[in-house]
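K.L.:
This is my_file_13.txt, which holds compact mmCIF, C-alpha atoms:
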```
# COMPACT_ATOMS: atom_id res chain seq x y z
CA MET A 1 5.84 9.81 8.14
CA SER A 2 5.86 7.03 5.59
CA LEU A 3 6.40 3.34 5.26
CA ALA A 4 10.03 2.42 5.99
CA HIS A 5 12.13 0.41 3.55
CA ARG A 6 12.78 -2.96 5.13
CA ILE A 7 16.10 -4.74 5.58
CA ILE A 8 15.58 -8.49 5.77
CA PRO A 9 18.27 -11.03 6.62
CA CYS A 10 17.65 -14.46 5.14
CA LEU A 11 18.61 -17.76 6.70
CA ASP A 12 18.96 -20.48 4.07
CA THR A 13 18.89 -23.72 6.01
CA ASP A 14 19.28 -27.42 5.29
CA GLY A 15 16.44 -27.83 7.77
CA ALA A 16 18.55 -27.49 10.89
CA ARG A 17 21.65 -25.39 10.08
CA VAL A 18 22.20 -22.22 8.11
CA VAL A 19 24.06 -22.95 4.88
CA LYS A 20 25.25 -20.78 2.05
CA GLY A 21 26.48 -21.09 -1.50
CA VAL A 22 27.06 -19.20 -4.72
CA ASN A 23 24.41 -19.38 -7.47
CA PHE A 24 22.57 -22.03 -5.47
CA VAL A 25 25.53 -24.50 -5.46
CA GLY A 26 28.56 -25.32 -3.26
CA LEU A 27 26.85 -25.08 0.11
CA ARG A 28 28.73 -24.62 3.38
CA ASP A 29 27.74 -24.26 7.02
CA ALA A 30 27.13 -20.73 8.32
CA GLY A 31 25.76 -21.31 11.80
CA ASP A 32 22.85 -21.95 14.11
CA PRO A 33 19.61 -20.32 12.87
CA VAL A 34 18.43 -19.53 16.39
CA VAL A 35 21.66 -17.72 17.30
CA LEU A 36 21.59 -15.71 14.06
CA ALA A 37 17.88 -14.89 14.45
CA ALA A 38 18.43 -13.52 17.95
CA ARG A 39 21.34 -11.43 16.72
CA TYR A 40 19.39 -9.91 13.81
CA ASN A 41 16.37 -9.27 16.02
CA ALA A 42 18.63 -7.27 18.35
CA GLU A 43 20.48 -5.46 15.53
CA GLY A 44 17.33 -3.93 14.07
CA ALA A 45 16.35 -6.30 11.26
CA ASP A 46 12.82 -5.47 10.10
CA GLU A 47 11.85 -9.03 9.37
CA LEU A 48 13.46 -12.43 9.02
CA VAL A 49 13.15 -15.04 6.28
CA VAL A 50 13.98 -18.69 6.96
CA LEU A 51 14.11 -21.05 4.02
CA ASP A 52 14.55 -24.78 3.85
CA ILE A 53 16.62 -25.08 0.71
CA ALA A 54 16.95 -28.86 0.96
CA ALA A 55 13.15 -29.12 1.27
CA SER A 56 13.17 -32.89 1.54
CA ARG A 57 10.16 -34.64 3.04
CA ASP A 58 12.11 -36.47 5.76
CA ARG A 59 13.79 -33.28 7.01
CA ARG A 60 10.48 -31.40 7.30
CA PRO A 61 9.96 -32.06 11.04
CA THR A 62 13.47 -30.72 11.69
CA PHE A 63 12.68 -27.56 9.72
CA LEU A 64 9.40 -27.03 11.59
CA GLU A 65 11.30 -27.34 14.86
CA THR A 66 13.78 -24.74 13.55
CA ILE A 67 10.86 -22.37 12.78
CA ARG A 68 9.48 -22.87 16.30
CA ARG A 69 12.85 -22.15 17.89
CA VAL A 70 13.50 -19.12 15.68
CA ALA A 71 9.98 -17.71 16.21
CA SER A 72 10.40 -17.88 19.96
CA GLU A 73 13.46 -15.56 19.67
CA LEU A 74 11.73 -12.96 17.53
CA ALA A 75 9.63 -9.86 18.18
CA ILE A 76 9.60 -9.09 14.44
CA PRO A 77 7.78 -10.83 11.56
CA LEU A 78 8.98 -14.22 10.37
CA THR A 79 8.56 -15.60 6.86
CA ALA A 80 9.23 -19.27 6.22
CA GLY A 81 9.25 -21.47 3.16
CA GLY A 82 11.09 -23.83 0.90
CA GLY A 83 9.33 -26.93 -0.34
CA ILE A 84 5.79 -25.69 0.41
CA ARG A 85 3.72 -27.91 -1.90
CA SER A 86 0.26 -27.88 -0.35
CA LEU A 87 -2.11 -25.99 1.90
CA ASP A 88 -1.18 -28.46 4.65
CA ASP A 89 2.52 -27.61 4.27
CA GLY A 90 1.56 -23.94 4.62
CA ARG A 91 -0.52 -24.65 7.70
CA SER A 92 2.33 -26.48 9.37
CA VAL A 93 4.78 -23.58 9.01
CA VAL A 94 2.17 -21.04 10.19
CA ARG A 95 1.36 -23.23 13.20
CA ALA A 96 5.09 -23.46 13.92
CA GLY A 97 5.14 -19.66 14.25
CA ALA A 98 5.69 -18.16 10.78
CA ASP A 99 3.69 -15.02 9.96
CA LYS A 100 4.08 -15.50 6.22
CA VAL A 101 4.67 -18.43 3.91
CA THR A 102 6.72 -18.35 0.71
CA VAL A 103 5.88 -20.49 -2.27
CA ASN A 104 8.01 -20.99 -5.34
CA THR A 105 8.36 -24.13 -7.51
CA ALA A 106 5.09 -25.75 -6.43
CA ALA A 107 3.15 -22.57 -7.23
CA VAL A 108 4.57 -22.54 -10.76
CA ALA A 109 3.41 -26.12 -11.20
CA ARG A 110 0.03 -25.51 -9.56
CA PRO A 111 -0.82 -21.78 -9.30
CA GLU A 112 -4.03 -22.46 -7.31
CA LEU A 113 -1.78 -23.16 -4.33
CA ILE A 114 -1.40 -19.36 -4.00
CA SER A 115 -5.19 -18.90 -3.83
CA GLU A 116 -5.62 -21.72 -1.33
CA LEU A 117 -3.07 -20.20 1.03
CA SER A 118 -4.40 -16.68 0.52
CA ARG A 119 -7.98 -17.70 1.29
CA GLU A 120 -6.90 -19.37 4.51
CA PHE A 121 -4.32 -16.92 5.85
CA GLY A 122 -4.97 -13.70 3.92
CA ALA A 123 -2.90 -12.15 1.14
CA GLN A 124 -0.57 -10.50 3.67
CA ALA A 125 0.65 -13.98 4.66
CA VAL A 126 1.44 -15.26 1.16
CA VAL A 127 4.79 -14.40 -0.39
CA LEU A 128 5.40 -15.51 -3.96
CA ALA A 129 9.12 -16.21 -4.37
CA ILE A 130 10.31 -15.78 -7.94
CA ASP A 131 13.80 -16.74 -9.07
CA ALA A 132 14.38 -14.81 -12.30
CA LYS A 133 17.14 -15.07 -14.88
CA ARG A 134 17.80 -12.76 -17.81
CA LEU A 135 16.98 -14.33 -21.17
CA ASP A 136 17.37 -12.05 -24.20
CA HIS A 137 14.99 -9.15 -23.58
CA HIS A 138 12.99 -10.52 -20.68
CA TRP A 139 13.41 -12.48 -17.46
CA ASP A 140 12.65 -16.17 -17.28
CA VAL A 141 11.24 -17.85 -14.16
CA MET A 142 13.60 -20.50 -12.79
CA VAL A 143 12.47 -23.33 -10.52
CA ARG A 144 13.97 -26.10 -8.38
CA GLY A 145 16.44 -23.82 -6.62
CA GLY A 146 17.23 -21.77 -9.72
CA ARG A 147 18.34 -24.78 -11.77
CA ASP A 148 15.56 -25.27 -14.33
CA SER A 149 13.66 -22.89 -16.55
CA ALA A 150 9.90 -22.81 -16.11
CA ASN A 151 9.61 -21.30 -19.61
CA CYS A 152 7.54 -18.46 -18.23
CA ASP A 153 7.99 -14.69 -18.18
CA ALA A 154 8.81 -13.40 -14.68
CA LEU A 155 6.83 -10.18 -15.10
CA LEU A 156 3.67 -11.99 -16.22
CA TRP A 157 4.09 -14.60 -13.49
CA ALA A 158 4.40 -11.89 -10.83
CA GLN A 159 1.16 -10.27 -12.04
CA LYS A 160 -0.62 -13.62 -12.17
CA GLY A 161 0.58 -14.45 -8.67
CA VAL A 162 -0.83 -11.19 -7.30
CA GLU A 163 -4.12 -11.82 -9.08
CA LEU A 164 -4.26 -15.25 -7.41
CA GLY A 165 -3.75 -13.77 -3.97
CA ALA A 166 -0.05 -13.26 -3.25
CA GLY A 167 0.48 -10.24 -0.99
CA GLU A 168 4.18 -9.81 -1.63
CA ILE A 169 6.86 -10.84 -4.15
CA LEU A 170 10.28 -12.09 -3.04
CA LEU A 171 12.30 -11.54 -6.19
CA THR A 172 15.70 -13.21 -6.49
CA SER A 173 18.00 -12.51 -9.40
CA VAL A 174 19.62 -15.83 -10.28
CA ASP A 175 22.22 -13.89 -12.30
CA ARG A 176 23.28 -11.81 -9.30
CA ASP A 177 22.73 -14.26 -6.44
CA GLY A 178 25.98 -14.88 -4.56
CA THR A 179 28.03 -12.55 -6.80
CA GLN A 180 28.05 -9.53 -4.43
CA LEU A 181 27.93 -7.29 -7.52
CA GLY A 182 24.77 -5.53 -6.34
CA PHE A 183 21.07 -6.18 -6.74
CA ASP A 184 19.56 -6.53 -10.20
CA THR A 185 18.10 -3.04 -10.51
CA PRO A 186 16.41 -3.31 -13.94
CA LEU A 187 14.72 -6.60 -12.97
CA THR A 188 13.49 -5.28 -9.62
CA ALA A 189 12.24 -1.99 -11.06
CA ALA A 190 10.39 -3.79 -13.86
CA ILE A 191 8.62 -6.19 -11.50
CA SER A 192 7.97 -3.60 -8.78
CA ARG A 193 6.28 -1.29 -11.28
CA ALA A 194 4.26 -4.14 -12.79
CA VAL A 195 2.60 -5.27 -9.54
CA THR A 196 0.44 -3.62 -6.88
CA VAL A 197 2.05 -5.46 -3.94
CA PRO A 198 5.37 -4.87 -2.14
CA VAL A 199 8.52 -6.35 -3.71
CA ILE A 200 11.50 -7.69 -1.77
CA ALA A 201 14.71 -7.57 -3.83
CA SER A 202 17.20 -10.38 -3.34
CA GLY A 203 20.49 -11.56 -4.77
CA GLY A 204 23.84 -9.83 -5.15
CA ALA A 205 24.00 -7.38 -2.23
CA LYS A 206 27.29 -6.44 -0.64
CA LEU A 207 27.75 -2.68 -0.22
CA PRO A 208 25.47 -0.09 1.39
CA GLU A 209 25.32 1.62 -2.03
CA HIS A 210 23.66 -1.50 -3.42
CA PHE A 211 20.82 -1.09 -0.93
CA ALA A 212 20.48 2.64 -1.61
CA GLN A 213 20.29 1.94 -5.33
CA ILE A 214 17.71 -0.84 -5.09
CA PHE A 215 15.43 1.34 -2.97
CA SER A 216 15.73 4.41 -5.20
CA GLU A 217 16.22 3.22 -8.78
CA GLY A 218 14.97 -0.33 -8.22
CA ALA A 219 11.72 0.77 -6.52
CA ALA A 220 12.10 -2.08 -4.02
CA ASP A 221 10.00 -2.01 -0.85
CA ALA A 222 12.41 -4.28 1.01
CA ALA A 223 15.86 -5.76 0.42
CA LEU A 224 17.05 -9.17 1.48
CA ALA A 225 20.56 -10.51 1.96
CA ALA A 226 22.18 -13.45 3.66
CA SER A 227 25.93 -14.03 3.78
CA ILE A 228 27.00 -10.38 4.10
CA PHE A 229 25.06 -10.26 7.36
CA HIS A 230 26.09 -13.74 8.57
CA ASP A 231 29.79 -12.98 7.94
CA ASN A 232 29.66 -9.49 9.46
CA VAL A 233 30.65 -7.93 6.12
CA GLN A 234 27.77 -5.53 6.70
CA SER A 235 26.07 -4.69 9.98
CA ILE A 236 22.34 -3.97 9.79
CA ARG A 237 22.67 -1.03 12.16
CA GLU A 238 25.35 0.72 10.09
CA LEU A 239 23.52 -0.06 6.87
CA LYS A 240 20.41 1.65 8.18
CA GLN A 241 22.39 4.66 9.37
CA TYR A 242 23.93 4.92 5.90
CA LEU A 243 20.51 4.81 4.23
CA SER A 244 18.97 7.26 6.67
CA ALA A 245 21.78 9.75 6.02
CA ARG A 246 20.82 9.58 2.33
CA ASN A 247 17.17 10.37 3.10
CA ILE A 248 15.99 6.82 2.49
CA GLU A 249 13.31 6.11 5.07
CA VAL A 250 14.33 3.25 7.38
CA ARG A 251 13.45 2.22 10.92
CA LEU A 252 16.53 3.05 12.95
CA PRO A 253 17.15 0.69 15.84
CA CYS A 254 17.30 2.27 19.30
CA MET B 1 -4.76 -10.68 36.52
CA LYS B 2 -5.02 -13.16 33.68
CA VAL B 3 -5.44 -12.18 30.02
CA THR B 4 -7.90 -14.26 28.02
CA LEU B 5 -6.74 -14.57 24.41
CA ILE B 6 -9.73 -15.14 22.16
CA ASP B 7 -8.56 -18.01 19.99
CA TYR B 8 -10.70 -18.29 16.89
CA GLY B 9 -7.89 -19.90 14.88
CA ALA B 10 -6.05 -16.76 13.76
CA GLY B 11 -2.45 -17.10 12.69
CA ASN B 12 -1.05 -14.62 15.20
CA VAL B 13 -2.42 -16.03 18.46
CA THR B 14 0.84 -17.84 19.19
CA SER B 15 2.89 -14.70 18.54
CA VAL B 16 0.70 -12.63 20.84
CA GLU B 17 0.86 -15.33 23.50
CA ARG B 18 4.65 -15.41 23.26
CA ALA B 19 4.88 -11.61 23.45
CA LEU B 20 2.76 -11.64 26.64
CA GLN B 21 4.90 -14.42 28.12
CA ARG B 22 8.04 -12.39 27.49
CA LEU B 23 6.44 -9.64 29.63
CA GLY B 24 5.74 -12.13 32.39
CA ALA B 25 1.96 -11.91 31.93
CA VAL B 26 -0.35 -14.80 32.66
CA SER B 27 -2.53 -15.59 29.67
CA HIS B 28 -4.62 -18.42 28.36
CA ARG B 29 -6.31 -19.13 25.06
CA SER B 30 -9.99 -19.68 24.89
CA ASN B 31 -12.81 -20.09 22.43
CA SER B 32 -15.50 -20.88 24.96
CA PRO B 33 -18.36 -18.46 25.75
CA GLN B 34 -18.13 -19.31 29.48
CA CYS B 35 -14.42 -18.39 29.73
CA ILE B 36 -14.96 -15.15 27.85
CA ALA B 37 -17.89 -14.25 30.10
CA LYS B 38 -15.62 -14.65 33.15
CA ALA B 39 -12.49 -13.01 31.69
CA GLU B 40 -10.56 -10.41 33.69
CA ALA B 41 -8.99 -8.92 30.54
CA LEU B 42 -9.63 -9.77 26.91
CA LEU B 43 -7.35 -9.72 23.91
CA LEU B 44 -8.69 -10.30 20.41
CA PRO B 45 -5.85 -10.95 17.97
CA GLY B 46 -6.61 -11.43 14.32
CA VAL B 47 -4.98 -11.38 10.95
CA GLY B 48 -6.23 -12.42 7.53
CA HIS B 49 -9.82 -12.11 6.35
CA TYR B 50 -12.42 -10.10 8.28
CA ALA B 51 -15.10 -12.70 7.47
CA ALA B 52 -13.10 -15.49 9.14
CA LEU B 53 -13.05 -13.56 12.41
CA ILE B 54 -16.71 -12.46 12.42
CA ARG B 55 -17.97 -15.90 11.36
CA ALA B 56 -15.87 -17.62 14.01
CA LEU B 57 -17.24 -15.31 16.73
CA ASP B 58 -20.80 -16.18 15.71
CA GLU B 59 -20.27 -19.89 15.07
CA ARG B 60 -18.74 -20.28 18.53
CA ALA B 61 -21.38 -18.07 20.16
CA LEU B 62 -18.70 -15.67 21.40
CA ARG B 63 -20.30 -12.41 20.25
CA ALA B 64 -22.75 -12.03 23.13
CA PRO B 65 -20.36 -12.85 26.01
CA LEU B 66 -17.68 -10.66 24.41
CA LEU B 67 -20.00 -7.66 24.05
CA ASP B 68 -21.36 -8.24 27.53
CA ALA B 69 -17.87 -8.34 29.07
CA ILE B 70 -16.78 -5.17 27.25
CA GLN B 71 -19.96 -3.37 28.34
CA ARG B 72 -19.29 -4.40 31.95
CA GLY B 73 -15.91 -2.64 31.69
CA VAL B 74 -13.55 -5.59 31.22
CA PRO B 75 -10.36 -4.21 29.62
CA PHE B 76 -10.23 -5.18 25.95
CA LEU B 77 -7.39 -5.00 23.44
CA GLY B 78 -8.09 -5.65 19.76
CA VAL B 79 -5.16 -6.27 17.42
CA CYS B 80 -5.38 -5.73 13.64
CA LEU B 81 -8.68 -7.43 12.69
CA GLY B 82 -9.50 -7.15 16.37
CA LEU B 83 -9.67 -3.37 15.80
CA GLN B 84 -11.65 -3.65 12.58
CA ALA B 85 -14.21 -5.94 14.26
CA LEU B 86 -15.24 -3.11 16.61
CA TYR B 87 -16.95 -1.18 13.79
CA GLU B 88 -20.37 -1.68 12.22
CA THR B 89 -19.28 -3.25 8.95
CA SER B 90 -16.32 -3.85 6.67
CA GLU B 91 -16.01 -3.49 2.91
CA GLU B 92 -14.09 -6.79 3.00
CA ALA B 93 -17.33 -8.66 3.83
CA PRO B 94 -20.23 -6.17 3.58
CA GLU B 95 -22.85 -8.83 4.31
CA LEU B 96 -21.54 -9.37 7.84
CA SER B 97 -22.20 -7.31 10.93
CA GLY B 98 -19.29 -6.21 13.11
CA LEU B 99 -19.40 -5.79 16.88
CA ARG B 100 -20.84 -2.28 16.37
CA LEU B 101 -19.10 -0.82 19.42
CA LEU B 102 -17.86 2.04 17.24
CA PRO B 103 -19.83 3.84 14.54
CA GLY B 104 -18.59 3.72 10.97
CA SER B 105 -17.10 1.13 8.70
CA VAL B 106 -13.83 -0.39 7.62
CA ARG B 107 -12.77 0.32 4.04
CA SER B 108 -10.07 -0.68 1.60
CA LEU B 109 -7.00 1.55 1.60
CA PRO B 110 -6.67 3.44 -1.72
CA SER B 111 -5.28 1.56 -4.71
CA THR B 112 -2.89 4.45 -5.41
CA VAL B 113 -0.39 2.80 -3.02
CA LYS B 114 0.98 -0.73 -2.76
CA LEU B 115 -1.30 -3.07 -0.86
CA PRO B 116 -1.15 -4.77 1.56
CA HIS B 117 0.24 -1.93 3.68
CA MET B 118 3.10 -4.11 4.84
CA GLY B 119 5.97 -3.07 7.02
CA TRP B 120 7.01 -0.50 9.61
CA ASN B 121 5.26 2.84 9.76
CA GLN B 122 4.96 5.76 12.17
CA LEU B 123 1.92 7.20 13.91
CA ARG B 124 0.52 10.67 14.32
CA PHE B 125 -0.83 11.15 17.83
CA THR B 126 -4.09 13.09 17.87
CA ARG B 127 -4.65 13.24 21.62
CA SER B 128 -3.18 11.90 24.82
CA SER B 129 -3.44 8.17 25.26
CA ARG B 130 -2.87 5.83 28.17
CA LEU B 131 -2.05 2.97 25.81
CA LEU B 132 0.68 5.02 24.10
CA GLU B 133 2.16 6.39 27.31
CA GLY B 134 5.96 6.53 27.17
CA ILE B 135 6.04 5.74 23.45
CA SER B 136 7.92 8.27 21.36
CA ALA B 137 6.11 10.04 18.53
CA ASP B 138 8.64 8.79 15.98
CA ALA B 139 8.36 5.10 16.94
CA TYR B 140 7.71 2.56 14.19
CA PHE B 141 5.11 -0.21 14.38
CA TYR B 142 4.63 -3.22 12.10
CA PHE B 143 1.51 -3.21 9.89
CA ALA B 144 0.15 -5.93 7.57
CA HIS B 145 -3.32 -5.10 6.23
CA SER B 146 -5.26 -3.79 3.22
CA PHE B 147 -8.40 -2.56 4.99
CA ALA B 148 -8.64 0.09 7.68
CA ALA B 149 -11.02 2.26 9.67
CA THR B 150 -11.29 5.79 8.31
CA ASN B 151 -11.65 7.52 11.69
CA SER B 152 -14.75 9.27 10.41
CA ASN B 153 -15.89 10.07 13.94
CA GLY B 154 -12.50 11.10 15.29
CA GLU B 155 -12.36 8.05 17.56
CA ALA B 156 -8.65 7.37 17.03
CA VAL B 157 -5.98 8.58 19.44
CA ALA B 158 -3.34 7.97 16.78
CA LEU B 159 -3.51 7.87 13.00
CA CYS B 160 -1.28 6.32 10.40
CA ASN B 161 -1.13 7.15 6.71
CA HIS B 162 -0.77 4.87 3.70
CA GLY B 163 -2.45 6.47 0.73
CA ALA B 164 -4.96 7.92 3.23
CA ASP B 165 -5.19 8.55 6.96
CA PHE B 166 -6.63 5.70 8.98
CA ALA B 167 -7.21 4.80 12.63
CA ALA B 168 -4.06 3.22 14.06
CA VAL B 169 -4.92 3.30 17.78
CA ILE B 170 -8.35 3.40 19.42
CA GLU B 171 -8.95 4.16 23.05
CA LYS B 172 -12.42 4.57 24.50
CA GLN B 173 -12.85 3.84 28.19
CA ASN B 174 -11.97 0.14 28.56
CA ILE B 175 -11.78 -0.46 24.80
CA PHE B 176 -8.29 -0.38 23.31
CA ALA B 177 -7.37 -1.42 19.78
CA VAL B 178 -4.43 -1.15 17.39
CA GLN B 179 -4.30 -1.70 13.63
CA PHE B 180 -0.61 -2.73 13.76
CA HIS B 181 0.88 -5.82 15.36
CA PRO B 182 2.44 -4.96 18.73
CA GLU B 183 3.51 -8.60 19.05
CA LYS B 184 5.70 -8.11 15.95
CA SER B 185 6.81 -4.53 16.63
CA GLY B 186 9.95 -5.21 18.64
CA ASP B 187 10.60 -3.31 21.89
CA VAL B 188 8.06 -0.58 21.09
CA GLY B 189 5.33 -3.16 20.64
CA ALA B 190 6.30 -4.80 23.93
CA HIS B 191 6.05 -1.40 25.62
CA LEU B 192 2.50 -0.95 24.33
CA LEU B 193 1.46 -4.42 25.50
CA GLN B 194 2.99 -3.65 28.87
CA ASN B 195 0.88 -0.48 29.03
CA PHE B 196 -2.25 -2.53 28.34
CA LEU B 197 -1.32 -5.03 31.06
CA ARG B 198 -0.83 -2.19 33.52
CA LEU B 199 -4.15 -0.57 32.58
CA ALA B 200 -5.94 -3.91 32.86
CA ALA B 201 -4.44 -4.80 36.24
```
Turn the structure described in the file into structure tokens.
P.N.:
Amino acid sequence: MSLAHRIIPCLDTDGARVVKGVNFVGLRDAGDPVVLAARYNAEGADELVVLDIAASRDRRPTFLETIRRVASELAIPLTAGGGIRSLDDGRSVVRAGADKVTVNTAAVARPELISELSREFGAQAVVLAIDAKRLDHHWDVMVRGGRDSANCDALLWAQKGVELGAGEILLTSVDRDGTQLGFDTPLTAAISRAVTVPVIASGGAKLPEHFAQIFSEGAADAALAASIFHDNVQSIRELKQYLSARNIEVRLPC
Amino acid sequence: MKVTLIDYGAGNVTSVERALQRLGAVSHRSNSPQCIAKAEALLLPGVGHYAALIRALDERALRAPLLDAIQRGVPFLGVCLGLQALYETSEEAPELSGLRLLPGSVRSLPSTVKLPHMGWNQLRFTRSSRLLEGISADAYFYFAHSFAATNSNGEAVALCNHGADFAAVIEKQNIFAVQFHPEKSGDVGAHLLQNFLRLAA
């Protein structure tokens, strides 16, 4: 009896539709978020993340409607984010049905945003998303969809975020994202061991071995992927059976 | 039978409401002392900070009608903070008084493990339970919390472990409570809610 490692499909949306791209560029349509959410809910996903990667002000009502529609399909936790700049933005996604809110660029610019959200919803509802890129002997925090450097050390930022009230870290390797070469194990292990909260590894997954490795060597508490699930490259059910057979604790779907 | 959802502004009220709707149950949200006094079945959801729940109960004058209803035998289900509120106090806000329906206090889980305790975990059944009827011993439920009741008086019918054992399911006459989120625990969670609806009917 112990806490299961979580498998989390991620829906990157333009507000209304699921889109995908490599290294944050070259986006193309990958389907209806509500249809995909229902499928993952049925396949045994442990949680779902829905992000608004366009995050433009005028599309916000569309994104909130997407959260409402997705939440109504789910009997598992839902995390939503992308473009959360204020406590009010956080409130609107929670009211739309999200259990947790992710913050990224705006929290780098104004770290108190993490504390404001944590005070209102509790640490368990605040996920600090960090996009990290290798730079010499450390990892640099990237903002604005992985495009710009924040000139800040990812490990120190993760610790600061937890101190401010984040209850979880969603860690994306900008170097691995979209490459399907496997998760960034050294990055994930370094961050996971540096913080007291759960870490979700993201970026680069393709094969079941990648998931086994990130849970064992990478010390990840959860692993997130997008296109391999959307495109049926990897089924969640088979992935969990693979992990279970290797004595990695997962929640097997019925 | 209609379930009254005590709505003090917690984030998970909508999820609980939706989960009950999926089971075909009739429910309504309320934060009025009159509605709670007349409730046929009560559900107290809650997630976030213990103080927010306790303060809201007192500011809205819900404590007395809630305690009165529970003492009259109205079926009650507490979810997450709704379980923690049943105890005398919580380390999360030691200055506040809980509902004191159960002896003991709520404490932080040990810092030797990652907190919050977030994700799917299994239970250890300690005695037979009507709320857990038909639920397999290896079922997983979704947890999201850092504080928990230590089961110092053996009140729990099921325990969970994350760094230490804690009360996962409480069952005492008409008082039912779970530390996990049945509304987020897939089919197993729906089964548990269905059991509560049946017991409350």
K.L.:
Quick one: residues within 7 Å of His181 of chain B, all atoms listed in the file counted, chain neighbours fewer than 4 positions away excluded, as an mmCIF file with C-alpha atoms, in the coordinates of the input?
P.N.:
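Here's the written file result15.cif:
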```
data_model
loop_
_atom_site.group_PDB
_atom_site.id
_atom_site.type_symbol
_atom_site.label_atom_id
_atom_site.label_comp_id
_atom_site.auth_asym_id
_atom_site.auth_seq_id
_atom_site.Cartn_x
_atom_site.Cartn_y
_atom_site.Cartn_z
ATOM 1 C CA VAL B 79 -5.160 -6.270 17.420
ATOM 2 C CA CYS B 80 -5.380 -5.730 13.640
ATOM 3 C CA TYR B 142 4.630 -3.220 12.100
ATOM 4 C CA PHE B 143 1.510 -3.210 9.890
ATOM 5 C CA SER B 185 6.810 -4.530 16.630
#
```
K.L.:
Listing only residues of chain A within 7 Å of chain B, what is the closest atom pair and its distance in Å (to one decimal) for each, using all atoms listed in the file, sorted by chain and residue number ascending, as CSV?
P.N.:
```
residue,atom,partner,partner_atom,distance
A:Met1,CA,B:Gln122,CA,5.8
A:Ser2,CA,B:Asn121,CA,5.9
A:Leu3,CA,B:Asn121,CA,4.7
A:Ala4,CA,B:Trp120,CA,5.5
A:Ala75,CA,B:Gly186,CA,4.7
A:Ile76,CA,B:Lys184,CA,4.3
A:Pro77,CA,B:Lys184,CA,5.6
A:Val94,CA,B:Gly11,CA,6.6
A:Gly97,CA,B:Thr14,CA,6.8
A:Phe121,CA,B:Gly48,CA,5.2
A:Gly122,CA,B:Gly48,CA,4.0
A:Gln124,CA,B:Ala144,CA,6.1
A:Gly167,CA,B:Pro116,CA,6.3
A:Thr196,CA,B:Lys114,CA,5.1
A:Val197,CA,B:Lys114,CA,5.0
A:Pro198,CA,B:Lys114,CA,6.1
A:Arg251,CA,B:Tyr140,CA,6.6
```
K.L.:
Grab the atom CA of Trp139 of chain A to atom CA of Thr172 of chain A distance for me, in Å with one decimal place.
P.N.:
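That distance, rounded to one decimal, is 11.2 Å.
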K.L.:
List the neighbours of Pro208 of chain A out to 8 Å using all atoms listed in the file; skip same-chain residues closer than 6 positions along the sequence, and give me the result as a list in words.
P.N.:
Gln234, Leu239, Tyr242 and Leu243 of chain A
K.L.:
Would you output that residue set with C-alpha atoms, as a compact mmCIF listing (two decimals), in the coordinates of the input?
P.N.:
```
# COMPACT_ATOMS: atom_id res chain seq x y z
CA GLN A 234 27.77 -5.53 6.70
CA LEU A 239 23.52 -0.06 6.87
CA TYR A 242 23.93 4.92 5.90
CA LEU A 243 20.51 4.81 4.23
```
K.L.:
Find the distance between atom CA of Leu53 of chain B and atom CA of Ser27 of chain B and write it in Å to one decimal.
P.N.:
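So the two atoms, atom CA of Leu53 of chain B and atom CA of Ser27 of chain B, lie 20.3 Å apart.
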K.L.:
Would you kindly return, as a PyMOL selection string, each protein, DNA or RNA residue with an atom no farther than 7 Å from any atom of Val250 of chain A, considering all atoms listed in the file and excluding same-chain residues fewer than 5 positions away?
P.N.:
chain A and resi 4-6+240+244
K.L.:
Up to 12 Å from (11.6, -21.6, 11.9) in the file's coordinates: name the residues, counting all atoms listed in the file, as JSON, numbers by chain.
P.N.:
{"A": [10, 11, 12, 13, 14, 15, 16, 17, 18, 32, 33, 34, 36, 37, 48, 49, 50, 51, 52, 60, 61, 62, 63, 64, 65, 66, 67, 68, 69, 70, 71, 72, 73, 74, 77, 78, 79, 80, 81, 82, 92, 93, 94, 95, 96, 97, 98, 99, 100, 101]}
K.L.:
May I have the residues within 9 Å of Ala194 of chain A as a VMD selection string, using all atoms listed in the file and disregarding those fewer than 3 positions away in the same chain?
P.N.:
chain A and resid 155 to 156 158 to 159 189 to 191
